[in-house]
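Structure file upload-v4.cif (mmCIF, C-alpha atoms) follows.
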data_query
#
loop_
_atom_site.label_atom_id
_atom_site.label_comp_id
_atom_site.auth_asym_id
_atom_site.auth_seq_id
_atom_site.Cartn_x
_atom_site.Cartn_y
_atom_site.Cartn_z
CA MET A 53 5.53 8.96 -15.62
CA THR A 54 1.75 8.62 -15.68
CA ASP A 55 1.76 8.37 -19.49
CA VAL A 56 4.60 5.85 -19.49
CA ALA A 57 2.88 3.69 -16.87
CA GLN A 58 -0.14 3.28 -19.15
CA VAL A 59 1.77 1.89 -22.14
CA ALA A 60 0.27 -1.52 -22.84
CA GLY A 61 3.64 -2.93 -24.02
CA LEU A 62 4.85 -2.88 -20.40
CA ASP A 63 2.99 -6.15 -19.84
CA ARG A 64 5.90 -8.02 -21.45
CA LEU A 65 8.52 -6.73 -18.99
CA ILE A 66 10.05 -8.84 -16.24
CA ALA A 67 12.74 -6.26 -15.40
CA LEU A 68 12.72 -2.46 -15.44
CA ASP A 69 15.77 -0.37 -14.60
CA LEU A 70 15.01 3.29 -13.90
CA ARG A 71 18.08 4.03 -11.75
CA GLY A 72 19.34 7.57 -11.89
CA ASN A 73 16.06 9.00 -13.18
CA PRO A 74 14.44 11.56 -10.86
CA ILE A 75 11.00 9.97 -10.80
CA GLY A 76 10.40 10.69 -7.10
CA ASP A 77 7.48 9.54 -5.01
CA ASP A 78 4.79 10.77 -7.41
CA GLY A 79 6.38 9.04 -10.37
CA LEU A 80 6.71 5.79 -8.46
CA ALA A 81 3.09 6.02 -7.32
CA ALA A 82 2.00 6.43 -10.97
CA LEU A 83 4.20 3.50 -12.01
CA VAL A 84 2.89 1.07 -9.40
CA ASP A 85 -0.69 2.00 -10.29
CA SER A 86 -0.09 0.65 -13.80
CA PRO A 87 -2.12 -2.45 -14.64
CA HIS A 88 0.58 -3.41 -17.17
CA LEU A 89 3.42 -4.49 -14.85
CA ARG A 90 1.98 -7.67 -13.36
CA ARG A 91 4.91 -9.80 -14.67
CA LEU A 92 7.62 -7.47 -13.32
CA ARG A 93 10.09 -9.31 -11.06
CA TRP A 94 13.01 -6.83 -10.80
CA LEU A 95 12.73 -3.05 -10.41
CA GLY A 96 15.76 -0.75 -10.36
CA LEU A 97 15.07 2.47 -8.47
CA ALA A 98 18.53 3.45 -7.18
CA ARG A 99 19.10 7.22 -7.11
CA CYS A 100 15.51 8.01 -8.14
CA GLY A 101 14.58 10.36 -5.29
CA ILE A 102 12.28 7.83 -3.61
CA GLY A 103 11.16 8.79 -0.11
CA PRO A 104 8.74 7.33 2.44
CA ALA A 105 5.63 8.07 0.35
CA GLY A 106 7.07 6.23 -2.66
CA ALA A 107 8.08 3.25 -0.55
CA GLU A 108 4.59 3.18 0.93
CA ALA A 109 3.00 3.22 -2.54
CA LEU A 110 5.25 0.36 -3.61
CA ALA A 111 4.38 -1.71 -0.54
CA ALA A 112 0.64 -0.99 -0.79
CA THR A 113 0.15 -1.80 -4.46
CA GLY A 114 -1.51 -4.99 -5.55
CA ASN A 115 -0.43 -4.45 -9.15
CA LEU A 116 3.01 -6.07 -8.86
CA PRO A 117 2.35 -9.66 -7.73
CA ALA A 118 5.52 -11.07 -9.33
CA LEU A 119 7.90 -8.44 -7.88
CA ARG A 120 10.80 -10.09 -6.04
CA TYR A 121 13.58 -7.50 -5.92
CA VAL A 122 13.68 -3.71 -5.81
CA ASP A 123 16.96 -1.78 -5.85
CA LEU A 124 16.29 1.22 -3.61
CA ARG A 125 19.91 2.10 -2.86
CA ARG A 126 21.00 5.75 -2.70
CA ASN A 127 17.56 7.24 -2.16
CA PRO A 128 16.62 9.74 0.57
CA VAL A 129 15.24 6.94 2.76
CA GLU A 130 16.51 3.46 3.64
CA VAL A 131 13.88 0.80 3.18
CA THR A 132 15.58 -2.49 2.35
CA ALA A 133 17.79 -4.65 4.56
CA GLN A 134 21.49 -3.87 4.83
CA GLY A 135 24.24 -6.37 5.57
CA TYR A 136 27.31 -5.52 7.66
CA GLY A 137 30.68 -7.22 7.79
CA GLN A 138 31.59 -10.41 5.97
CA ASP A 139 32.42 -13.92 7.00
CA ILE A 140 34.88 -16.12 5.13
CA ASP A 141 32.20 -17.02 2.53
CA GLY A 142 31.46 -13.36 1.80
CA LYS A 143 28.10 -13.39 3.55
CA PRO A 144 27.22 -10.72 6.10
CA ILE A 145 27.82 -11.15 9.77
CA SER A 146 24.69 -9.12 10.44
CA VAL A 147 21.70 -8.04 8.35
CA GLU A 148 19.46 -5.27 9.65
CA MET A 149 16.13 -4.04 8.38
CA PRO A 150 15.73 -0.24 8.60
CA PRO A 151 12.77 1.09 10.63
CA LEU A 152 10.72 2.03 7.54
CA GLY A 153 11.16 -1.49 6.14
CA GLN A 154 9.99 -2.92 9.47
CA GLU A 155 6.95 -0.61 9.45
CA LEU A 156 5.98 -1.60 5.90
CA ILE A 157 6.23 -5.31 6.73
CA ALA A 158 4.12 -4.78 9.85
CA ARG A 159 1.51 -2.86 7.85
CA TYR A 160 1.38 -4.94 4.65
CA GLY A 161 2.76 -8.33 5.65
CA ALA A 162 5.69 -10.14 4.08
CA LEU A 163 6.89 -8.49 0.88
CA PRO A 164 9.36 -10.53 -1.21
CA TRP A 165 11.34 -7.43 -2.21
CA LEU A 166 11.81 -6.53 1.46
CA ASP A 167 13.13 -9.97 2.41
CA VAL A 168 16.43 -9.90 4.33
CA GLN A 169 17.92 -12.37 1.80
CA TRP A 170 18.69 -9.35 -0.39
CA GLY A 171 20.31 -7.44 2.48
CA TRP A 172 23.77 -8.90 2.03
CA ARG A 173 23.84 -8.20 -1.70
CA TRP A 174 25.33 -4.75 -1.25
CA LEU A 175 26.13 -4.40 -4.94
CA GLY A 176 22.57 -5.24 -5.89
CA VAL A 177 20.99 -8.20 -7.58
CA GLY A 178 20.85 -8.66 -11.33
CA TRP A 179 17.42 -9.17 -12.84
CA GLU A 180 18.39 -12.65 -14.03
CA GLU A 181 18.86 -13.72 -10.38
CA VAL A 182 15.21 -13.31 -9.48
#

Here is the file; what I need is its structure written in the form of structure tokens.
Amino acid sequence: MTDVAQVAGLDRLIALDLRGNPIGDDGLAALVDSPHLRRLRWLGLARCGIGPAGAEALAATGNLPALRYVDLRRNPVEVTAQGYGQDIDGKPISVEMPPLGQELIARYGALPWLDVQWGWRWLGVGWEEV
């Protein structure tokens, strides 16, 4: 992943879907260290083996200023908000932020990709929505 993260052509991306690839925490750390992803708004990391260290690297980076949504579903750790139940309009009755998400917000401040607005989108958010 370190070699991929250094490809200069990445600077044109606004969305990157890596779901299902076993990049793990080290791969994510290499990716977020890339100086070429400053325009990235949507990042798909479902089923990528991301744990607490990867989530920490993502929260700590200053290299992704445009990032608005990260799909972290089906990883070993829950980071993003989850909605429960539905009202008549299909919105959740309750949205809860997992403890790790709360810790990252406390440590790094508000992070758009950790905003509870994404918590009720249990099927994810398409890149064109952000």

Neighbours of Ala60 of chain A within 12 Å (all atoms listed in the file; same-chain residues fewer than 5 positions away dropped), as a ChimeraX atom specification?
/A:55,65,86-90

What's around Pro104 of chain A at 7 Å? Count only C-alpha atoms, leave out sequence neighbours fewer than 3 positions away in its own chain, and write the answer as a VMD selection string.
chain A and resid 107 to 108 129

Counting all atoms listed in the file, note down every residue that has an atom within 7 Å of the point (17.1, -3.8, -16.1) (file coordinates), as a VMD selection string.
chain A and resid 67 to 69 96 179

Would you write out those residues with C-alpha atoms, as an mmCIF file, keeping the file's coordinate frame?
data_model
loop_
_atom_site.group_PDB
_atom_site.id
_atom_site.type_symbol
_atom_site.label_atom_id
_atom_site.label_comp_id
_atom_site.auth_asym_id
_atom_site.auth_seq_id
_atom_site.Cartn_x
_atom_site.Cartn_y
_atom_site.Cartn_z
ATOM 1 C CA ALA A 67 12.740 -6.260 -15.400
ATOM 2 C CA LEU A 68 12.720 -2.460 -15.440
ATOM 3 C CA ASP A 69 15.770 -0.370 -14.600
ATOM 4 C CA GLY A 96 15.760 -0.750 -10.360
ATOM 5 C CA TRP A 179 17.420 -9.170 -12.840
#

How big is the axis-aligned box around all listed atoms of segment 53-60 of chain A once 3 Å goes on each side, and where's its centre, in Å to one decimal, as JSON?
{"center_x": 2.7, "center_y": 3.7, "center_z": -19.2, "size_x": 11.7, "size_y": 16.5, "size_z": 13.2}

Distance atom CA of Ala57 of chain A-atom CA of Ala133 of chain A, one decimal place?
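Those two atoms sit 27.4 Å apart.
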
Residues in the PyMOL selection byres ((chain A and resi 84) around 9), expressed as a list in words:
Ala57, Gly79, Leu80, Ala81, Ala82, Leu83, Asp85, Ser86, Pro87, Leu89, Ala109, Leu110, Thr113, Gly114, Asn115 and Leu116 of chain A

Evaluating the PyMOL selection byres ((chain A and resi 118) around 7) on the displayed file yields which residues, as number ranges by chain?
A: 90-93, 116-117, 119-120

Enter the distance from atom CA of Gln154 of chain A to atom CA of Val131 of chain A, in Å, rounded to one decimal.
8.3 Å

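Atom to atom, atom CA of Arg159 of chain A and atom CA of Ile102 of chain A stand 19.0 Å apart.
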
Residues in the PyMOL selection byres ((chain A and resi 156) around 9), expressed as a list of chain:residue names
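Selection result, ordered by chain and number: A:Ala107, A:Glu108, A:Ala111, A:Ala112, A:Val131, A:Pro151, A:Leu152, A:Gly153, A:Gln154, A:Glu155, A:Ile157, A:Ala158, A:Arg159, A:Tyr160, A:Gly161, A:Ala162, A:Leu163, A:Leu166.
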
Would you save the residues of that selection, restricted to C-alpha atoms, as a PDB file, in the coordinates of the input?
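Listing of selection17.pdb after writing:
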ATOM      1  CA  ALA A 107       8.080   3.250  -0.550  1.00  0.00           C
ATOM      2  CA  GLU A 108       4.590   3.180   0.930  1.00  0.00           C
ATOM      3  CA  ALA A 111       4.380  -1.710  -0.540  1.00  0.00           C
ATOM      4  CA  ALA A 112       0.640  -0.990  -0.790  1.00  0.00           C
ATOM      5  CA  VAL A 131      13.880   0.800   3.180  1.00  0.00           C
ATOM      6  CA  PRO A 151      12.770   1.090  10.630  1.00  0.00           C
ATOM      7  CA  LEU A 152      10.720   2.030   7.540  1.00  0.00           C
ATOM      8  CA  GLY A 153      11.160  -1.490   6.140  1.00  0.00           C
ATOM      9  CA  GLN A 154       9.990  -2.920   9.470  1.00  0.00           C
ATOM     10  CA  GLU A 155       6.950  -0.610   9.450  1.00  0.00           C
ATOM     11  CA  ILE A 157       6.230  -5.310   6.730  1.00  0.00           C
ATOM     12  CA  ALA A 158       4.120  -4.780   9.850  1.00  0.00           C
ATOM     13  CA  ARG A 159       1.510  -2.860   7.850  1.00  0.00           C
ATOM     14  CA  TYR A 160       1.380  -4.940   4.650  1.00  0.00           C
ATOM     15  CA  GLY A 161       2.760  -8.330   5.650  1.00  0.00           C
ATOM     16  CA  ALA A 162       5.690 -10.140   4.080  1.00  0.00           C
ATOM     17  CA  LEU A 163       6.890  -8.490   0.880  1.00  0.00           C
ATOM     18  CA  LEU A 166      11.810  -6.530   1.460  1.00  0.00           C
TER      19      LEU A 166
END

With distances taken over only C-alpha atoms, which of A:Val168, A:Arg125, A:Asn73, A:Asp78 is nearest to Met149 of chain A?
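Checking each of A:Val168, A:Arg125, A:Asn73, A:Asp78 against Met149 of chain A, counting only C-alpha atoms, the winner is A:Val168.
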
Do a neighbour search on Cys100 of chain A at 9 Å with all atoms listed in the file, toss out local chain neighbours closer than 6 positions, and write the hits as a PyMOL selection string.
chain A and resi 70-77+124+126-128

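The residue that comes closest to Asp167 of chain A, out of A:Val56, A:Val147, A:Leu95, A:Leu62 and on the basis of all atoms listed in the file, is A:Val147.
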
Taking all atoms listed in the file into account, name the residue in A:Arg64, A:Gln169, A:Pro164, A:Gly103 that is nearest to Ser146 of chain A.
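Smallest separation from Ser146 of chain A among the options: A:Gln169.
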